[in-house]
$ cat query-v9.txt   # compact mmCIF, N, CA and C atoms and all ligand atoms
# COMPACT_ATOMS: atom_id res chain seq x y z
N MET L 1 15.02 59.28 30.26
CA MET L 1 14.24 60.29 31.00
C MET L 1 14.94 61.65 30.98
N ALA L 2 16.23 61.58 31.27
CA ALA L 2 17.01 62.83 31.27
C ALA L 2 17.04 63.44 29.88
N PHE L 3 17.14 62.58 28.90
CA PHE L 3 17.16 63.03 27.52
C PHE L 3 15.85 63.74 27.15
N GLN L 4 14.75 63.11 27.59
CA GLN L 4 13.43 63.69 27.32
C GLN L 4 13.30 65.09 27.92
N LYS L 5 13.77 65.22 29.15
CA LYS L 5 13.68 66.49 29.85
C LYS L 5 14.49 67.56 29.13
N GLN L 6 15.68 67.16 28.70
CA GLN L 6 16.56 68.07 27.97
C GLN L 6 15.89 68.55 26.68
N LYS L 7 15.22 67.61 25.99
CA LYS L 7 14.57 67.91 24.73
C LYS L 7 13.44 68.92 24.94
N GLN L 8 12.68 68.73 26.03
CA GLN L 8 11.58 69.65 26.35
C GLN L 8 12.10 71.06 26.59
N GLN L 9 13.22 71.13 27.32
CA GLN L 9 13.81 72.44 27.62
C GLN L 9 14.31 73.11 26.35
N GLN L 10 14.89 72.31 25.46
CA GLN L 10 15.36 72.83 24.19
C GLN L 10 14.20 73.42 23.38
N ARG L 11 13.10 72.68 23.38
CA ARG L 11 11.93 73.09 22.60
C ARG L 11 11.39 74.43 23.11
N ARG L 12 11.42 74.58 24.44
CA ARG L 12 10.85 75.78 25.04
C ARG L 12 11.67 77.04 24.70
N THR L 13 12.96 76.86 24.53
CA THR L 13 13.82 78.02 24.28
C THR L 13 14.18 78.18 22.79
N ASP L 14 13.47 77.45 21.93
CA ASP L 14 13.76 77.52 20.49
C ASP L 14 13.39 78.90 19.94
N PRO L 15 14.35 79.64 19.40
CA PRO L 15 14.03 80.98 18.90
C PRO L 15 13.17 80.99 17.64
N ARG L 16 13.11 79.83 16.96
CA ARG L 16 12.31 79.78 15.74
C ARG L 16 10.82 79.77 16.04
N LEU L 17 10.46 79.28 17.23
CA LEU L 17 9.05 79.20 17.59
C LEU L 17 8.50 80.60 17.88
N LYS L 18 7.31 80.84 17.34
CA LYS L 18 6.68 82.14 17.54
C LYS L 18 5.95 82.16 18.87
N GLN L 19 6.08 83.27 19.57
CA GLN L 19 5.34 83.46 20.82
C GLN L 19 4.08 84.24 20.49
N CYS L 20 2.99 83.89 21.17
CA CYS L 20 1.73 84.62 20.95
C CYS L 20 1.92 86.06 21.40
N PRO L 21 1.66 87.05 20.52
CA PRO L 21 1.87 88.45 20.89
C PRO L 21 0.94 88.94 22.01
N PHE L 22 -0.21 88.29 22.15
CA PHE L 22 -1.13 88.68 23.22
C PHE L 22 -0.69 88.09 24.56
N CYS L 23 -0.14 86.88 24.52
CA CYS L 23 0.37 86.25 25.74
C CYS L 23 1.58 87.00 26.28
N GLU L 24 2.39 87.55 25.37
CA GLU L 24 3.58 88.30 25.78
C GLU L 24 3.21 89.49 26.67
N HIS L 25 2.08 90.13 26.35
CA HIS L 25 1.62 91.28 27.13
C HIS L 25 0.59 90.90 28.18
N GLY L 26 0.29 89.61 28.26
CA GLY L 26 -0.66 89.13 29.27
C GLY L 26 -2.06 89.67 29.09
N ALA L 27 -2.53 89.68 27.84
CA ALA L 27 -3.87 90.21 27.56
C ALA L 27 -4.94 89.25 28.05
N LYS L 28 -5.90 89.78 28.82
CA LYS L 28 -6.99 88.96 29.32
C LYS L 28 -8.24 89.13 28.45
N TYR L 29 -8.25 90.23 27.68
CA TYR L 29 -9.43 90.56 26.89
C TYR L 29 -8.99 91.40 25.69
N ILE L 30 -9.58 91.18 24.54
CA ILE L 30 -9.28 91.99 23.36
C ILE L 30 -10.51 92.85 23.07
N ASP L 31 -10.32 94.14 23.12
CA ASP L 31 -11.42 95.08 22.96
C ASP L 31 -11.81 95.22 21.49
N TYR L 32 -13.12 95.17 21.21
CA TYR L 32 -13.58 95.30 19.81
C TYR L 32 -13.44 96.73 19.28
N LYS L 33 -13.26 97.70 20.20
CA LYS L 33 -13.09 99.10 19.79
C LYS L 33 -11.64 99.42 19.46
N ASP L 34 -10.75 98.50 19.81
CA ASP L 34 -9.31 98.71 19.62
C ASP L 34 -8.89 98.20 18.24
N TYR L 35 -9.11 99.03 17.23
CA TYR L 35 -8.80 98.64 15.86
C TYR L 35 -7.31 98.41 15.61
N PRO L 36 -6.41 99.30 16.09
CA PRO L 36 -4.97 99.06 15.84
C PRO L 36 -4.46 97.72 16.37
N ALA L 37 -5.08 97.21 17.44
CA ALA L 37 -4.66 95.92 17.99
C ALA L 37 -5.11 94.76 17.11
N MET L 38 -6.24 94.94 16.42
CA MET L 38 -6.79 93.87 15.59
C MET L 38 -6.28 93.92 14.15
N LYS L 39 -5.82 95.11 13.73
CA LYS L 39 -5.44 95.34 12.33
C LYS L 39 -4.44 94.31 11.77
N PRO L 40 -3.36 93.95 12.49
CA PRO L 40 -2.42 92.98 11.90
C PRO L 40 -3.01 91.59 11.66
N TYR L 41 -4.18 91.31 12.24
CA TYR L 41 -4.77 89.98 12.12
C TYR L 41 -5.92 89.92 11.12
N ILE L 42 -6.06 91.00 10.35
CA ILE L 42 -7.08 91.04 9.30
C ILE L 42 -6.35 91.30 7.98
N ASP L 43 -6.68 90.55 6.96
CA ASP L 43 -6.01 90.75 5.67
C ASP L 43 -6.71 91.82 4.82
N TYR L 44 -6.22 92.01 3.62
CA TYR L 44 -6.74 93.06 2.72
C TYR L 44 -8.23 92.89 2.45
N PHE L 45 -8.68 91.66 2.34
CA PHE L 45 -10.08 91.39 2.00
C PHE L 45 -11.01 91.40 3.22
N GLY L 46 -10.46 91.63 4.39
CA GLY L 46 -11.26 91.70 5.60
C GLY L 46 -11.43 90.37 6.30
N ASN L 47 -10.70 89.35 5.85
CA ASN L 47 -10.76 88.04 6.50
C ASN L 47 -9.83 88.00 7.70
N ILE L 48 -10.16 87.13 8.65
CA ILE L 48 -9.29 86.94 9.82
C ILE L 48 -8.15 86.03 9.39
N ARG L 49 -6.93 86.44 9.73
CA ARG L 49 -5.76 85.64 9.35
C ARG L 49 -5.67 84.37 10.19
N LYS L 50 -5.11 83.32 9.59
CA LYS L 50 -5.00 82.02 10.26
C LYS L 50 -3.97 82.07 11.39
N ARG L 51 -4.19 81.18 12.34
CA ARG L 51 -3.36 81.09 13.54
C ARG L 51 -1.92 80.68 13.21
N TYR L 52 -1.76 79.78 12.27
CA TYR L 52 -0.41 79.33 11.92
C TYR L 52 0.38 80.41 11.21
N TYR L 53 -0.32 81.40 10.66
CA TYR L 53 0.34 82.49 9.96
C TYR L 53 0.80 83.58 10.93
N THR L 54 -0.04 83.89 11.93
CA THR L 54 0.25 84.99 12.84
C THR L 54 0.93 84.54 14.13
N GLY L 55 0.78 83.26 14.50
CA GLY L 55 1.38 82.75 15.72
C GLY L 55 0.59 83.02 16.98
N VAL L 56 -0.69 83.38 16.83
CA VAL L 56 -1.55 83.63 17.99
C VAL L 56 -1.99 82.27 18.57
N CYS L 57 -2.06 82.17 19.90
CA CYS L 57 -2.49 80.92 20.52
C CYS L 57 -4.00 80.75 20.39
N LEU L 58 -4.48 79.55 20.67
CA LEU L 58 -5.91 79.23 20.48
C LEU L 58 -6.82 80.13 21.32
N LYS L 59 -6.43 80.32 22.58
CA LYS L 59 -7.23 81.14 23.51
C LYS L 59 -7.42 82.55 22.96
N HIS L 60 -6.30 83.15 22.51
CA HIS L 60 -6.38 84.53 22.02
C HIS L 60 -6.98 84.61 20.62
N GLN L 61 -6.84 83.55 19.83
CA GLN L 61 -7.47 83.54 18.51
C GLN L 61 -8.99 83.59 18.66
N LYS L 62 -9.52 82.87 19.65
CA LYS L 62 -10.97 82.88 19.91
C LYS L 62 -11.44 84.25 20.37
N MET L 63 -10.62 84.88 21.24
CA MET L 63 -10.94 86.24 21.72
C MET L 63 -10.92 87.22 20.55
N LEU L 64 -9.91 87.06 19.69
CA LEU L 64 -9.74 87.92 18.52
C LEU L 64 -10.93 87.79 17.58
N LYS L 65 -11.36 86.57 17.36
CA LYS L 65 -12.49 86.29 16.47
C LYS L 65 -13.74 87.00 17.00
N THR L 66 -14.00 86.87 18.30
CA THR L 66 -15.16 87.51 18.92
C THR L 66 -15.08 89.03 18.77
N ALA L 67 -13.88 89.58 19.02
CA ALA L 67 -13.67 91.03 18.93
C ALA L 67 -13.89 91.52 17.50
N ILE L 68 -13.37 90.79 16.52
CA ILE L 68 -13.51 91.20 15.12
C ILE L 68 -14.97 91.11 14.68
N GLU L 69 -15.66 90.06 15.10
CA GLU L 69 -17.07 89.91 14.74
C GLU L 69 -17.91 91.02 15.36
N ARG L 70 -17.59 91.40 16.58
CA ARG L 70 -18.31 92.50 17.24
C ARG L 70 -18.05 93.81 16.51
N ALA L 71 -16.78 94.05 16.14
CA ALA L 71 -16.41 95.28 15.42
C ALA L 71 -17.10 95.34 14.06
N ARG L 72 -17.25 94.19 13.40
CA ARG L 72 -17.94 94.14 12.11
C ARG L 72 -19.41 94.49 12.29
N PHE L 73 -20.01 93.93 13.32
CA PHE L 73 -21.43 94.17 13.60
C PHE L 73 -21.68 95.65 13.89
N MET L 74 -20.73 96.29 14.57
CA MET L 74 -20.84 97.71 14.90
C MET L 74 -20.38 98.59 13.74
N ALA L 75 -20.11 97.99 12.57
CA ALA L 75 -19.71 98.69 11.35
C ALA L 75 -18.41 99.46 11.51
N MET L 76 -17.49 98.94 12.30
CA MET L 76 -16.18 99.58 12.47
C MET L 76 -15.16 98.95 11.53
N ILE L 77 -15.41 97.70 11.14
CA ILE L 77 -14.56 96.97 10.19
C ILE L 77 -15.46 96.45 9.08
N ALA L 78 -14.95 96.45 7.85
CA ALA L 78 -15.74 95.94 6.73
C ALA L 78 -15.83 94.41 6.79
N TYR L 79 -16.98 93.88 6.40
CA TYR L 79 -17.13 92.42 6.31
C TYR L 79 -16.29 91.90 5.15
N ARG L 80 -16.31 92.68 4.05
CA ARG L 80 -15.59 92.27 2.85
C ARG L 80 -15.28 93.50 2.01
N LYS L 81 -14.09 93.46 1.40
CA LYS L 81 -13.71 94.58 0.53
C LYS L 81 -14.01 94.21 -0.91
ZN ZN J 101 -2.02 83.98 23.52
$ encode --input "query-v9.txt" --output "structure tokens"
Amino acid sequence: MAFQKQKQQQRRTDPRLKQCPFCEHGAKYIDYKDYPAMKPYIDYFGNIRKRYYTGVCLKHQKMLKTAIERARFMAMIAYRK
């Protein structure tokens, strides 16, 4: 039991693990008008980058997806290059 607890604590403080950049700032909402915030999560071809690549958590990835889709609909971001 003690070993398990120690292991959990080790995992939490592992520097190799990526922290979600939105969780770090406590973002509750990602604005579709905020292009600089979304830019690092869109690749050259206009696709949304994968979660395992950027380290964004599931909650914020869903928010990001909604924001990017809204921005595309409003013609602020290209659907495809
Ligand atoms: Zn997050």
$ closest_residue --input "query-v9.txt" --among "L:Glu24, L:Gln19, L:Lys39, L:Lys50" --to "Lys62 in chain L" --atoms "only C-alpha atoms"
L:Lys50
$ residues_near_ligand --input "query-v9.txt" --ligand "ligand ZN 101 (chain J)" --cutoff "5 Å" --atoms "all atoms listed in the file" --output "PyMOL selection string"
chain L and resi 20+22-23+57+60
$ closest_residue --input "query-v9.txt" --among "L:Arg80, L:Phe73, L:Leu64, L:Tyr32" --to "Arg51 in chain L" --atoms "only C-alpha atoms"
L:Leu64
$ residues_near_point --input "query-v9.txt" --point "(-11.0, 90.1, 25.3)" --cutoff "10 Å" --atoms "only C-alpha atoms" --output "PDB file with N, CA and C atoms, keeping the file's coordinate frame"
ATOM      1  N   ALA L  27      -2.530  89.680  27.840  1.00  0.00           N
ATOM      2  CA  ALA L  27      -3.870  90.210  27.560  1.00  0.00           C
ATOM      3  C   ALA L  27      -4.940  89.250  28.050  1.00  0.00           C
ATOM      4  N   LYS L  28      -5.900  89.780  28.820  1.00  0.00           N
ATOM      5  CA  LYS L  28      -6.990  88.960  29.320  1.00  0.00           C
ATOM      6  C   LYS L  28      -8.240  89.130  28.450  1.00  0.00           C
ATOM      7  N   TYR L  29      -8.250  90.230  27.680  1.00  0.00           N
ATOM      8  CA  TYR L  29      -9.430  90.560  26.890  1.00  0.00           C
ATOM      9  C   TYR L  29      -8.990  91.400  25.690  1.00  0.00           C
ATOM     10  N   ILE L  30      -9.580  91.180  24.540  1.00  0.00           N
ATOM     11  CA  ILE L  30      -9.280  91.990  23.360  1.00  0.00           C
ATOM     12  C   ILE L  30     -10.510  92.850  23.070  1.00  0.00           C
ATOM     13  N   ASP L  31     -10.320  94.140  23.120  1.00  0.00           N
ATOM     14  CA  ASP L  31     -11.420  95.080  22.960  1.00  0.00           C
ATOM     15  C   ASP L  31     -11.810  95.220  21.490  1.00  0.00           C
ATOM     16  N   TYR L  32     -13.120  95.170  21.210  1.00  0.00           N
ATOM     17  CA  TYR L  32     -13.580  95.300  19.810  1.00  0.00           C
ATOM     18  C   TYR L  32     -13.440  96.730  19.280  1.00  0.00           C
ATOM     19  N   LYS L  59      -6.430  80.320  22.580  1.00  0.00           N
ATOM     20  CA  LYS L  59      -7.230  81.140  23.510  1.00  0.00           C
ATOM     21  C   LYS L  59      -7.420  82.550  22.960  1.00  0.00           C
ATOM     22  N   HIS L  60      -6.300  83.150  22.510  1.00  0.00           N
ATOM     23  CA  HIS L  60      -6.380  84.530  22.020  1.00  0.00           C
ATOM     24  C   HIS L  60      -6.980  84.610  20.620  1.00  0.00           C
ATOM     25  N   LYS L  62      -9.520  82.870  19.650  1.00  0.00           N
ATOM     26  CA  LYS L  62     -10.970  82.880  19.910  1.00  0.00           C
ATOM     27  C   LYS L  62     -11.440  84.250  20.370  1.00  0.00           C
ATOM     28  N   MET L  63     -10.620  84.880  21.240  1.00  0.00           N
ATOM     29  CA  MET L  63     -10.940  86.240  21.720  1.00  0.00           C
ATOM     30  C   MET L  63     -10.920  87.220  20.550  1.00  0.00           C
ATOM     31  N   LEU L  64      -9.910  87.060  19.690  1.00  0.00           N
ATOM     32  CA  LEU L  64      -9.740  87.920  18.520  1.00  0.00           C
ATOM     33  C   LEU L  64     -10.930  87.790  17.580  1.00  0.00           C
ATOM     34  N   LYS L  65     -11.360  86.570  17.360  1.00  0.00           N
ATOM     35  CA  LYS L  65     -12.490  86.290  16.470  1.00  0.00           C
ATOM     36  C   LYS L  65     -13.740  87.000  17.000  1.00  0.00           C
ATOM     37  N   THR L  66     -14.000  86.870  18.300  1.00  0.00           N
ATOM     38  CA  THR L  66     -15.160  87.510  18.920  1.00  0.00           C
ATOM     39  C   THR L  66     -15.080  89.030  18.770  1.00  0.00           C
ATOM     40  N   ALA L  67     -13.880  89.580  19.020  1.00  0.00           N
ATOM     41  CA  ALA L  67     -13.670  91.030  18.930  1.00  0.00           C
ATOM     42  C   ALA L  67     -13.890  91.520  17.500  1.00  0.00           C
TER      43      ALA L  67
END
$ closest_residue --input "query-v9.txt" --among "L:Tyr35, L:Met76, L:Tyr41, L:Lys81" --to "Gln61 in chain L" --atoms "only C-alpha atoms"
L:Tyr41
$ atom_distance --input "query-v9.txt" --atom1 "CA of Ala75 in chain L" --atom2 "CA of Pro40 in chain L"
18.2 Å
$ atom_distance --input "query-v9.txt" --atom1 "CA of Gly55 in chain L" --atom2 "CA of Ile42 in chain L"
13.5 Å
$ closest_residue --input "query-v9.txt" --among "L:Tyr52, L:Asn47, L:Leu58, L:Lys33" --to "Ala71 in chain L" --atoms "only N, CA and C atoms"
L:Lys33
